[in-house]
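**Q** Sharing coords_30.csv below, CSV, C-alpha atoms:
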```csv
chain,number,residue,atom,x,y,z
A,1,GLU,CA,45.3,-55.3,-23.8
A,2,TYR,CA,42.0,-57.2,-24.0
A,3,TRP,CA,38.8,-57.4,-26.0
A,4,SER,CA,36.2,-54.7,-25.7
A,5,HIS,CA,34.3,-53.7,-28.9
A,6,ALA,CA,37.5,-55.0,-30.6
A,7,ALA,CA,41.1,-55.7,-29.5
A,8,ALA,CA,41.8,-52.7,-27.3
A,9,PHE,CA,43.9,-51.0,-24.6
A,10,LEU,CA,41.6,-50.9,-21.5
A,11,PRO,CA,42.2,-48.9,-18.3
A,12,MET,CA,43.5,-50.9,-15.4
A,13,ALA,CA,40.9,-49.2,-13.2
A,14,ASP,CA,38.3,-51.4,-15.0
A,15,TYR,CA,40.4,-54.6,-14.8
A,16,ARG,CA,38.1,-56.4,-12.5
A,17,TYR,CA,35.2,-56.0,-15.0
A,18,SER,CA,37.2,-57.9,-17.7
A,19,LEU,CA,37.2,-60.9,-15.3
A,20,PHE,CA,33.5,-61.5,-16.0
A,21,ARG,CA,34.2,-62.4,-19.6
A,22,LYS,CA,37.4,-64.2,-18.8
A,23,GLN,CA,35.7,-66.4,-16.2
A,24,ALA,CA,32.9,-67.3,-18.6
A,25,ILE,CA,35.5,-68.4,-21.2
A,26,ARG,CA,37.4,-70.4,-18.6
A,27,SER,CA,34.2,-72.1,-17.6
A,28,GLY,CA,33.6,-73.2,-21.2
A,29,ALA,CA,31.8,-70.4,-23.0
A,30,ASN,CA,32.2,-70.3,-26.7
A,31,CYS,CA,35.6,-69.2,-28.0
A,32,TRP,CA,37.2,-68.9,-31.5
A,33,PHE,CA,38.7,-72.4,-31.6
A,34,HIS,CA,38.8,-75.8,-30.0
A,35,ARG,CA,40.4,-75.9,-26.5
A,36,ASP,CA,43.4,-78.2,-26.3
A,37,ASP,CA,44.2,-78.7,-22.6
A,38,HIS,CA,47.4,-80.7,-23.3
A,39,VAL,CA,49.0,-77.9,-25.4
A,40,MET,CA,47.8,-75.2,-22.9
A,41,THR,CA,49.5,-77.1,-20.1
A,42,HIS,CA,52.7,-77.3,-22.0
A,43,VAL,CA,52.6,-73.6,-22.9
A,44,LEU,CA,51.9,-72.6,-19.3
A,45,ASP,CA,54.7,-74.8,-17.9
A,46,ARG,CA,57.2,-73.1,-20.3
A,47,ILE,CA,56.1,-69.6,-19.3
A,48,ARG,CA,56.3,-70.4,-15.6
A,49,ALA,CA,59.8,-71.7,-16.1
A,50,GLU,CA,61.2,-69.3,-18.7
A,51,GLY,CA,59.2,-66.1,-18.3
A,52,PRO,CA,57.4,-64.0,-21.0
A,53,VAL,CA,57.1,-65.6,-24.4
A,54,SER,CA,55.6,-64.8,-27.8
A,55,ALA,CA,54.2,-67.1,-30.4
A,56,ARG,CA,57.4,-66.9,-32.3
A,57,ASP,CA,59.2,-68.6,-29.4
A,58,PHE,CA,57.3,-71.7,-30.3
A,59,GLU,CA,58.3,-71.7,-34.0
A,60,SER,CA,59.6,-74.9,-35.4
A,61,PRO,CA,62.8,-74.6,-37.5
A,62,GLY,CA,62.0,-74.6,-41.2
A,63,ARG,CA,58.3,-74.3,-40.6
A,64,LYS,CA,56.5,-72.5,-43.4
A,65,ALA,CA,54.6,-69.3,-42.3
A,66,THR,CA,50.8,-69.5,-42.4
A,67,SER,CA,48.5,-67.0,-44.1
A,68,GLY,CA,45.6,-66.6,-41.6
A,69,TRP,CA,44.5,-67.0,-38.0
A,70,TRP,CA,42.6,-70.1,-38.9
A,71,GLU,CA,45.9,-71.8,-39.6
A,72,TRP,CA,47.5,-70.9,-36.3
A,73,LYS,CA,49.8,-73.6,-34.9
A,74,PRO,CA,48.7,-75.3,-31.6
A,75,ALA,CA,50.9,-73.2,-29.4
A,76,LYS,CA,49.6,-70.0,-30.9
A,77,ARG,CA,46.0,-71.1,-30.3
A,78,ALA,CA,46.9,-72.1,-26.8
A,79,LEU,CA,48.4,-68.7,-26.0
A,80,GLU,CA,45.4,-66.9,-27.3
A,81,GLN,CA,43.0,-69.2,-25.4
A,82,LEU,CA,44.9,-68.6,-22.2
A,83,PHE,CA,44.9,-64.9,-22.9
A,84,LEU,CA,41.2,-64.8,-23.5
A,85,ASP,CA,40.4,-66.7,-20.3
A,86,GLY,CA,42.7,-64.4,-18.3
A,87,THR,CA,45.4,-66.8,-17.3
A,88,LEU,CA,47.9,-64.9,-19.4
A,89,MET,CA,48.1,-61.1,-20.2
A,90,VAL,CA,50.1,-59.2,-22.8
A,91,LYS,CA,53.2,-57.8,-21.0
A,92,GLU,CA,54.5,-55.9,-24.0
A,93,ARG,CA,54.7,-55.9,-27.8
A,94,ARG,CA,57.8,-56.5,-29.9
A,95,GLY,CA,56.8,-55.1,-33.3
A,96,PHE,CA,53.4,-56.6,-33.9
A,97,GLN,CA,54.2,-59.7,-31.7
A,98,LYS,CA,52.3,-59.9,-28.4
A,99,VAL,CA,54.5,-61.0,-25.5
A,100,PHE,CA,52.6,-63.1,-22.9
A,101,ASP,CA,53.2,-63.6,-19.2
A,102,LEU,CA,51.2,-65.0,-16.3
A,103,ALA,CA,48.5,-62.5,-15.3
A,104,GLU,CA,49.7,-62.4,-11.7
A,105,ARG,CA,53.1,-61.2,-12.9
A,106,VAL,CA,51.6,-58.4,-15.1
A,107,VAL,CA,48.8,-56.9,-13.0
A,108,PRO,CA,50.2,-54.0,-10.9
A,109,GLU,CA,50.0,-54.4,-7.1
A,110,GLY,CA,46.9,-52.9,-5.6
A,111,VAL,CA,44.6,-53.4,-8.6
A,112,ASP,CA,41.1,-54.7,-7.6
A,113,GLN,CA,40.8,-58.2,-8.8
A,114,THR,CA,37.4,-59.2,-7.2
A,115,LEU,CA,35.1,-60.8,-9.7
A,116,PRO,CA,31.8,-58.8,-10.2
A,117,ASP,CA,28.6,-60.7,-10.1
A,118,ARG,CA,26.3,-60.7,-13.2
A,119,ARG,CA,24.1,-57.8,-12.1
A,120,GLU,CA,27.1,-55.6,-11.1
A,121,PHE,CA,28.8,-56.3,-14.4
A,122,ILE,CA,25.6,-55.4,-16.4
A,123,ARG,CA,25.1,-52.2,-14.6
A,124,TRP,CA,28.7,-51.2,-15.1
A,125,LYS,CA,28.4,-52.0,-18.8
A,126,ILE,CA,25.3,-49.9,-19.2
A,127,MET,CA,26.9,-46.9,-17.5
A,128,GLN,CA,30.1,-47.3,-19.5
A,129,THR,CA,28.2,-47.5,-22.8
A,130,VAL,CA,26.3,-44.2,-22.1
A,131,LYS,CA,29.5,-42.5,-20.9
A,132,SER,CA,31.4,-43.6,-24.0
A,133,LEU,CA,28.7,-42.9,-26.6
A,134,GLY,CA,27.1,-39.8,-25.1
A,135,VAL,CA,23.7,-40.8,-26.4
A,136,ALA,CA,23.0,-44.5,-26.5
A,137,GLU,CA,20.1,-46.4,-28.0
A,138,SER,CA,18.8,-49.7,-26.7
A,139,GLY,CA,20.7,-51.9,-29.1
A,140,ASP,CA,24.0,-50.3,-28.1
A,141,PHE,CA,24.0,-51.9,-24.7
A,142,SER,CA,23.9,-55.5,-25.8
A,143,TYR,CA,26.6,-55.0,-28.5
A,144,GLY,CA,29.1,-57.8,-27.9
A,145,PHE,CA,26.8,-59.5,-25.3
A,146,PRO,CA,23.7,-60.7,-27.2
A,147,ASN,CA,22.9,-63.3,-24.6
A,148,MET,CA,22.5,-60.6,-22.0
A,149,LYS,CA,19.9,-58.6,-23.9
A,150,THR,CA,17.0,-59.3,-21.6
A,151,ASP,CA,19.0,-58.7,-18.4
A,152,LEU,CA,20.5,-55.5,-19.9
A,153,GLU,CA,17.0,-54.1,-20.7
A,154,ALA,CA,15.8,-54.9,-17.2
A,155,GLU,CA,18.7,-53.2,-15.5
A,156,LEU,CA,18.4,-50.2,-17.9
A,157,LYS,CA,14.8,-49.7,-16.7
A,158,GLU,CA,16.1,-49.8,-13.1
A,159,LEU,CA,18.8,-47.2,-13.7
A,160,VAL,CA,16.2,-45.0,-15.4
A,161,ALA,CA,13.9,-45.4,-12.4
A,162,GLU,CA,16.8,-44.5,-10.0
A,163,GLY,CA,17.5,-41.4,-12.0
A,164,ARG,CA,21.0,-42.3,-13.0
A,165,ILE,CA,20.1,-42.4,-16.7
A,166,VAL,CA,17.5,-40.3,-18.5
A,167,ARG,CA,15.4,-41.2,-21.6
A,168,CYS,CA,15.6,-38.9,-24.6
A,169,ARG,CA,14.6,-38.7,-28.3
A,170,VAL,CA,17.1,-38.9,-31.1
A,171,GLU,CA,16.2,-37.1,-34.2
A,172,GLY,CA,17.1,-38.4,-37.7
A,173,GLU,CA,15.4,-40.2,-40.6
A,174,ARG,CA,13.1,-41.5,-37.9
A,175,GLU,CA,12.8,-40.4,-34.3
A,176,ARG,CA,14.3,-43.0,-32.0
A,177,ALA,CA,14.5,-43.5,-28.2
A,178,GLY,CA,17.8,-42.8,-26.6
A,179,PHE,CA,19.5,-42.6,-23.2
A,180,VAL,CA,21.9,-40.1,-21.7
A,181,LEU,CA,23.5,-39.7,-18.3
A,182,SER,CA,21.5,-37.9,-15.7
A,183,GLY,CA,22.5,-34.2,-15.7
A,184,SER,CA,24.1,-34.3,-19.1
A,185,VAL,CA,21.1,-32.7,-20.9
A,186,GLU,CA,21.3,-29.7,-18.5
A,187,ARG,CA,25.0,-29.2,-19.5
A,188,PHE,CA,24.2,-29.0,-23.2
A,189,GLY,CA,24.7,-25.5,-24.6
A,190,PRO,CA,25.5,-23.9,-27.9
A,191,ILE,CA,27.4,-26.2,-30.2
A,192,ARG,CA,31.1,-25.5,-30.2
A,193,TYR,CA,32.9,-27.5,-32.9
A,194,ASP,CA,36.4,-28.9,-32.6
A,195,ASN,CA,38.0,-27.6,-35.8
A,196,ARG,CA,40.7,-30.3,-36.0
A,197,MET,CA,40.3,-32.8,-38.8
A,198,ARG,CA,40.4,-36.3,-37.4
A,199,ILE,CA,41.5,-39.5,-39.1
A,200,LEU,CA,39.7,-42.4,-37.4
A,201,SER,CA,40.6,-46.0,-36.8
A,202,PRO,CA,38.1,-48.5,-38.2
A,203,PHE,CA,37.7,-49.7,-34.6
A,204,ASP,CA,37.0,-46.3,-33.1
A,205,ASN,CA,34.0,-46.1,-30.8
A,206,LEU,CA,32.3,-43.8,-33.4
A,207,VAL,CA,32.9,-46.3,-36.2
A,208,ILE,CA,33.0,-49.8,-34.9
A,209,ARG,CA,29.2,-50.4,-34.8
A,210,ARG,CA,28.4,-49.9,-38.4
A,211,ILE,CA,24.6,-49.7,-37.8
A,212,ARG,CA,25.2,-46.7,-35.5
A,213,PHE,CA,27.6,-45.1,-38.0
A,214,ARG,CA,24.9,-45.3,-40.6
A,215,ARG,CA,22.3,-43.7,-38.3
A,216,LEU,CA,24.7,-40.9,-37.4
A,217,PHE,CA,26.2,-40.1,-40.9
A,218,GLY,CA,23.9,-41.8,-43.4
A,219,ARG,CA,26.9,-43.8,-44.9
A,220,ASP,CA,27.8,-47.4,-45.2
A,221,TYR,CA,31.4,-48.1,-44.2
A,222,GLN,CA,33.5,-51.2,-44.2
A,223,VAL,CA,37.2,-52.0,-44.0
A,224,GLU,CA,38.0,-53.0,-47.5
A,225,CYS,CA,41.1,-55.1,-46.7
A,226,TYR,CA,38.6,-58.0,-46.4
A,227,VAL,CA,37.1,-57.2,-49.9
A,228,PRO,CA,38.6,-58.5,-53.1
A,229,ALA,CA,40.8,-55.8,-54.8
A,230,SER,CA,38.5,-55.6,-57.8
A,231,LYS,CA,35.5,-54.7,-55.6
A,232,ARG,CA,37.2,-52.1,-53.4
A,233,ARG,CA,35.8,-48.5,-53.8
A,234,TYR,CA,37.9,-46.5,-51.4
A,235,GLY,CA,41.1,-48.6,-50.8
A,236,TYR,CA,42.7,-51.4,-48.9
A,237,PHE,CA,42.6,-49.7,-45.5
A,238,ALA,CA,40.5,-46.6,-46.1
A,239,LEU,CA,40.0,-44.6,-42.8
A,240,PRO,CA,37.0,-42.3,-42.1
A,241,ILE,CA,37.7,-38.6,-41.8
A,242,LEU,CA,35.8,-36.6,-39.2
A,243,TRP,CA,35.4,-32.8,-39.6
A,244,ARG,CA,33.2,-30.9,-37.1
A,245,ASP,CA,30.0,-33.0,-36.9
A,246,GLN,CA,30.3,-34.8,-40.2
A,247,CYS,CA,32.1,-37.8,-41.6
A,248,VAL,CA,33.3,-36.1,-44.8
A,249,GLY,CA,35.2,-38.8,-46.6
A,250,LEU,CA,37.9,-41.5,-46.5
A,251,ILE,CA,41.7,-41.6,-46.7
A,252,ASP,CA,43.7,-44.7,-47.8
A,253,CYS,CA,47.4,-44.6,-46.8
A,254,LYS,CA,50.4,-46.8,-46.7
A,255,ALA,CA,53.3,-46.3,-44.3
A,256,HIS,CA,56.7,-47.2,-45.9
A,257,ARG,CA,58.8,-48.0,-42.8
A,258,ALA,CA,62.2,-48.2,-44.5
A,259,SER,CA,61.9,-44.7,-46.1
A,260,ARG,CA,59.7,-43.3,-43.3
A,261,SER,CA,57.3,-42.0,-45.8
A,262,LEU,CA,53.5,-41.9,-45.6
A,263,GLU,CA,51.9,-42.5,-49.1
A,264,ILE,CA,48.4,-41.0,-49.6
A,265,ARG,CA,46.9,-43.4,-52.1
A,266,ARG,CA,43.4,-41.9,-52.0
A,267,PHE,CA,41.9,-38.9,-50.3
A,268,SER,CA,38.3,-38.1,-51.2
A,269,GLY,CA,34.7,-37.6,-50.1
A,270,TRP,CA,32.1,-40.3,-50.3
A,271,ASP,CA,31.4,-41.2,-54.0
A,272,SER,CA,34.6,-39.4,-54.9
A,273,GLU,CA,33.2,-36.0,-54.0
A,274,PRO,CA,35.8,-33.3,-53.0
A,275,ILE,CA,36.4,-32.9,-49.2
A,276,ALA,CA,35.4,-29.5,-47.9
A,277,VAL,CA,38.0,-29.2,-45.1
A,278,PRO,CA,40.3,-26.1,-44.9
A,279,ALA,CA,43.8,-26.9,-46.3
A,280,LYS,CA,45.4,-25.9,-43.0
A,281,ARG,CA,43.4,-28.4,-41.0
A,282,THR,CA,44.0,-31.1,-43.6
A,283,GLN,CA,47.8,-30.6,-43.5
A,284,GLU,CA,47.8,-30.6,-39.7
A,285,ALA,CA,45.9,-33.9,-39.6
A,286,LEU,CA,48.2,-35.5,-42.2
A,287,GLU,CA,51.3,-34.4,-40.4
A,288,ALA,CA,50.1,-35.7,-37.1
A,289,PHE,CA,49.0,-39.0,-38.7
A,290,ALA,CA,52.4,-39.4,-40.4
A,291,GLU,CA,54.2,-38.8,-37.1
A,292,PHE,CA,51.9,-41.3,-35.3
A,293,ASN,CA,53.0,-43.9,-38.0
A,294,GLY,CA,56.7,-43.1,-37.5
A,295,CYS,CA,56.9,-41.2,-40.9
A,296,THR,CA,58.7,-38.0,-41.6
A,297,ARG,CA,57.5,-37.4,-45.2
A,298,ILE,CA,54.2,-37.4,-46.9
A,299,ASP,CA,53.8,-38.5,-50.5
A,300,ASN,CA,50.7,-38.0,-52.5
A,301,ALA,CA,50.2,-40.9,-55.0
A,302,SER,CA,48.4,-38.6,-57.4
A,303,ASP,CA,51.5,-36.4,-57.7
A,304,LYS,CA,53.3,-39.3,-59.4
A,305,ASP,CA,50.7,-39.7,-62.2
```
Output the structure of this file as structure tokens.
**A**
Amino acid sequence: EYWSHAAAFLPMADYRYSLFRKQAIRSGANCWFHRDDHVMTHVLDRIRAEGPVSARDFESPGRKATSGWWEWKPAKRALEQLFLDGTLMVKERRGFQKVFDLAERVVPEGVDQTLPDRREFIRWKIMQTVKSLGVAESGDFSYGFPNMKTDLEAELKELVAEGRIVRCRVEGERERAGFVLSGSVERFGPIRYDNRMRILSPFDNLVIRRIRFRRLFGRDYQVECYVPASKRRYGYFALPILWRDQCVGLIDCKAHRASRSLEIRRFSGWDSEPIAVPAKRTQEALEAFAEFNGCTRIDNASDKD
């Protein structure tokens, strides 16, 4: 677990490239909160002596729970700081609780842990971006690393000159410059759609960069759990629905763990239009989503009205 476009599971094969960001944070790069070396030392000493811990292990008896990350207690902030700078890693999760341990006790033996230099990291990031997105535009490469924009553009030109990446044109409301992997254009053939309906996470590669989402689908999307209830249009945690090559609507669900039921609170197209997806594909997607959330039953809120 670490940060990519958001909190994510990352392949261990790419572990060494996470060290570039971790080293920068350890050297004093901006982080979410003030660094408290005294508390961090205390937390580390305890982990070395006792083994893996979660933030809950530092709870004070009778302490009232807080309501947001900005109210995190000192030990919780220290754990996250040590996680971000690579000293600690997430060994496992207990429910939603991250369990931290020393990185050297978590990284499997044989994993490359050499620190890439700046140029090597930038070239890797460019290649990963194109591989992940299929067609990338210039602004996609600096997402998450705005201070590297100039270097990224320079290395992108080098990779184009080397023939590893090819320039292309992206059609849409306005024609834009794009980039694809060398050889990928030659592999393009007749479009063959995947007929499964897909319910996407708000942090999916296709969704996370809202500007790109708008360019692809002509829609503005946001996670409305951060929006006051009176101003929500689609629901507390409405998720985008992908069908063939279109984002056709949103679904807002709630998993009731005790009864193992998935409640469908809202299921509609943009602006409340009907969703034109075959009933069979819809049912398959809902059943898979319910199973993913540990639910065995699906309840439609509209059926109760």
**Q** Counting only C-alpha atoms, figure out which residue out of A:Glu263, A:His5, A:Ala258, A:Trp270 gets nearest to Pro202 of chain A.
**A**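 Counting only C-alpha atoms, the residue closest to Pro202 of chain A is A:His5.
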**Q** Name the closest residue to Glu158 of chain A among the candidates A:Leu82, A:Ala177, A:Ile126, A:Ala136; distances are taken between atoms, counting all atoms listed in the file.
**A**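 Of A:Leu82, A:Ala177, A:Ile126, A:Ala136, the one nearest Glu158 of chain A is A:Ile126, counting all atoms listed in the file.
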**Q** Have a look at A:Lys76, A:Ala13, A:Ser18, A:Pro108 and name the one nearest to His42 of chain A; count all atoms listed in the file.
**A** A:Lys76
**Q** Work out how far apart atom CA of Ser132 of chain A and atom CA of Pro190 of chain A are and give it in Å to one decimal.
**A**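 Going from atom CA of Ser132 of chain A over to atom CA of Pro190 of chain A covers 20.9 Å.
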**Q** Using all atoms listed in the file, which of the listed residues (A:Lys91, A:Cys225, A:Arg244, A:Val207) sits closest to Ile191 of chain A?
**A** A:Arg244
**Q** Could segment 23-46 of chain A be written out with N, CA, C and O atoms, as an mmCIF file, in the first residue's frame, please?
**A**
```cif
data_model
loop_
_atom_site.group_PDB
_atom_site.id
_atom_site.type_symbol
_atom_site.label_atom_id
_atom_site.label_comp_id
_atom_site.auth_asym_id
_atom_site.auth_seq_id
_atom_site.Cartn_x
_atom_site.Cartn_y
_atom_site.Cartn_z
ATOM 1 N N GLN A 23 11.955 9.176 -0.260
ATOM 2 C CA GLN A 23 13.209 9.851 0.079
ATOM 3 C C GLN A 23 13.021 11.361 0.117
ATOM 4 O O GLN A 23 13.583 12.057 0.974
ATOM 5 N N ALA A 24 12.226 11.899 -0.798
ATOM 6 C CA ALA A 24 11.966 13.343 -0.817
ATOM 7 C C ALA A 24 11.257 13.780 0.470
ATOM 8 O O ALA A 24 11.589 14.819 1.063
ATOM 9 N N ILE A 25 10.279 12.996 0.918
ATOM 10 C CA ILE A 25 9.559 13.328 2.150
ATOM 11 C C ILE A 25 10.482 13.217 3.353
ATOM 12 O O ILE A 25 10.479 14.064 4.246
ATOM 13 N N ARG A 26 11.318 12.197 3.358
ATOM 14 C CA ARG A 26 12.262 12.023 4.468
ATOM 15 C C ARG A 26 13.252 13.184 4.527
ATOM 16 O O ARG A 26 13.731 13.548 5.603
ATOM 17 N N SER A 27 13.534 13.765 3.360
ATOM 18 C CA SER A 27 14.499 14.878 3.297
ATOM 19 C C SER A 27 13.856 16.231 3.565
ATOM 20 O O SER A 27 14.528 17.258 3.479
ATOM 21 N N GLY A 28 12.542 16.245 3.829
ATOM 22 C CA GLY A 28 11.902 17.501 4.201
ATOM 23 C C GLY A 28 10.887 18.044 3.225
ATOM 24 O O GLY A 28 10.414 19.169 3.397
ATOM 25 N N ALA A 29 10.544 17.276 2.174
ATOM 26 C CA ALA A 29 9.520 17.748 1.232
ATOM 27 C C ALA A 29 8.191 17.920 1.967
ATOM 28 O O ALA A 29 7.941 17.300 2.999
ATOM 29 N N ASN A 30 7.335 18.781 1.418
ATOM 30 C CA ASN A 30 6.054 19.059 2.067
ATOM 31 C C ASN A 30 5.252 17.789 2.301
ATOM 32 O O ASN A 30 5.208 16.895 1.458
ATOM 33 N N CYS A 31 4.626 17.728 3.463
ATOM 34 C CA CYS A 31 3.759 16.616 3.801
ATOM 35 C C CYS A 31 2.445 17.185 4.307
ATOM 36 O O CYS A 31 2.217 18.389 4.271
ATOM 37 N N TRP A 32 1.543 16.350 4.774
ATOM 38 C CA TRP A 32 0.227 16.800 5.174
ATOM 39 C C TRP A 32 0.240 17.574 6.484
ATOM 40 O O TRP A 32 -0.630 18.375 6.749
ATOM 41 N N PHE A 33 1.234 17.292 7.349
ATOM 42 C CA PHE A 33 1.181 17.871 8.672
ATOM 43 C C PHE A 33 2.583 18.064 9.223
ATOM 44 O O PHE A 33 3.571 17.592 8.655
ATOM 45 N N HIS A 34 2.663 18.781 10.326
ATOM 46 C CA HIS A 34 3.950 19.091 10.947
ATOM 47 C C HIS A 34 4.640 17.826 11.443
ATOM 48 O O HIS A 34 4.030 16.959 12.051
ATOM 49 N N ARG A 35 5.909 17.725 11.201
ATOM 50 C CA ARG A 35 6.709 16.574 11.615
ATOM 51 C C ARG A 35 7.115 16.731 13.080
ATOM 52 O O ARG A 35 7.692 17.752 13.462
ATOM 53 N N ASP A 36 6.827 15.722 13.886
ATOM 54 C CA ASP A 36 7.188 15.736 15.304
ATOM 55 C C ASP A 36 8.182 14.599 15.544
ATOM 56 O O ASP A 36 7.796 13.446 15.746
ATOM 57 N N ASP A 37 9.474 14.918 15.506
ATOM 58 C CA ASP A 37 10.517 13.890 15.608
ATOM 59 C C ASP A 37 10.470 13.145 16.945
ATOM 60 O O ASP A 37 10.792 11.954 17.007
ATOM 61 N N HIS A 38 10.091 13.831 18.015
ATOM 62 C CA HIS A 38 10.044 13.183 19.324
ATOM 63 C C HIS A 38 8.999 12.073 19.343
ATOM 64 O O HIS A 38 9.281 10.944 19.782
ATOM 65 N N VAL A 39 7.808 12.363 18.848
ATOM 66 C CA VAL A 39 6.743 11.346 18.816
ATOM 67 C C VAL A 39 7.097 10.232 17.837
ATOM 68 O O VAL A 39 6.851 9.048 18.106
ATOM 69 N N MET A 40 7.700 10.579 16.714
ATOM 70 C CA MET A 40 8.084 9.566 15.731
ATOM 71 C C MET A 40 9.098 8.592 16.316
ATOM 72 O O MET A 40 9.019 7.381 16.086
ATOM 73 N N THR A 41 10.042 9.109 17.095
ATOM 74 C CA THR A 41 11.026 8.244 17.740
ATOM 75 C C THR A 41 10.352 7.295 18.729
ATOM 76 O O THR A 41 10.669 6.100 18.791
ATOM 77 N N HIS A 42 9.414 7.823 19.503
ATOM 78 C CA HIS A 42 8.676 7.001 20.462
ATOM 79 C C HIS A 42 7.914 5.886 19.743
ATOM 80 O O HIS A 42 7.938 4.719 20.172
ATOM 81 N N VAL A 43 7.235 6.226 18.658
ATOM 82 C CA VAL A 43 6.461 5.243 17.896
ATOM 83 C C VAL A 43 7.378 4.169 17.324
ATOM 84 O O VAL A 43 7.090 2.960 17.397
ATOM 85 N N LEU A 44 8.501 4.575 16.741
ATOM 86 C CA LEU A 44 9.443 3.623 16.158
ATOM 87 C C LEU A 44 10.022 2.682 17.215
ATOM 88 O O LEU A 44 10.166 1.475 16.986
ATOM 89 N N ASP A 45 10.380 3.239 18.370
ATOM 90 C CA ASP A 45 10.933 2.404 19.452
ATOM 91 C C ASP A 45 9.941 1.323 19.863
ATOM 92 O O ASP A 45 10.315 0.170 20.116
ATOM 93 N N ARG A 46 8.671 1.691 19.919
ATOM 94 C CA ARG A 46 7.646 0.717 20.311
ATOM 95 C C ARG A 46 7.487 -0.373 19.261
ATOM 96 O O ARG A 46 7.353 -1.551 19.598
#
```
